[in-house]
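Structure, as structure tokens:
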Amino acid sequence: MVAAERRGPFRALLGVAVVALGIAGDLFESMLKRSAGVKDSSSLIPGHGGILDRIDALLFAAPIYYIVLKYV
């Protein structure tokens, strides 16, 4: 019970970090598209901005989440 209570703040911090990294990934992808002068990264999913818009948050958040789960 004591060990589980200590993990609570760590899990909350991990959640905040994953959300922040997801937002950073989205903003980074938007910056790339604006610098390239394109509105959509592909036409595979019309109206959604392309495949990259669907996974941009994962590109930043998933690797860090994996590292934390694997080594911490």
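In the structure tokens, chains take the letters A, B, ... in the order shown, each chain's residues start at 1, and ligands count up from 1 in the order shown.
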Exercise for the section: Select from chain A everything DSSP, run on the backbone, classes as alpha helix (DSSP H), then give the selection as a ChimeraX atom specification. Expected result: /A:2-36,51-71
Handout entry: Selection: 12 Å around Leu52 of chain A, only C-alpha atoms, excl. self and same-chain fewer than 5 positions, as a list in words
Key =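 So the residues in contact are Gly25, Asp26, Phe28, Glu29, Ser30, Leu32, Lys33, Lys39, Asp40, Ser41, Ser42, Ser43, Leu44, Ile45, Ala57, Leu58 and Leu59 of chain A.
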Exercise for the section: Between atom CA of Arg7 of chain A and atom CA of Leu21 of chain A, measure the distance and give it in Å to one decimal. Expected result: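 Atom-to-atom, atom CA of Arg7 of chain A to atom CA of Leu21 of chain A, that is 20.7 Å.
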Exercise for the section: Figure out the distance between atom CA of Ile64 of chain A and atom CA of Leu14 of chain A, please, to one decimal in Å. Expected result: 9.5 Å
Practice task
Would you mind telling me which residue in A:Tyr65, A:Val38, A:Lys70, A:Ala24 lies nearest to Arg11 of chain A when using only C-alpha atoms?
Solution key: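 Closest to Arg11 of chain A, using only C-alpha atoms: A:Tyr65.
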Problem - Atomic separation - atom CA of Phe60 of chain A relative to atom CA of Gly22 of chain A, Å - result: 6.1 Å
Handout entry: Counting only C-alpha atoms, the option among A:Ala61, A:Ile51, A:Ala36, A:Met31 closest to Gly15 of chain A
Key =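 Smallest separation from Gly15 of chain A among the options: A:Ala61.
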Exercise for the section: Would you please work out which residue, of A:Leu13, A:Leu27, A:Ile55, A:Ala20, is nearest to Val68 of chain A when using only C-alpha atoms? Expected result: A:Leu13
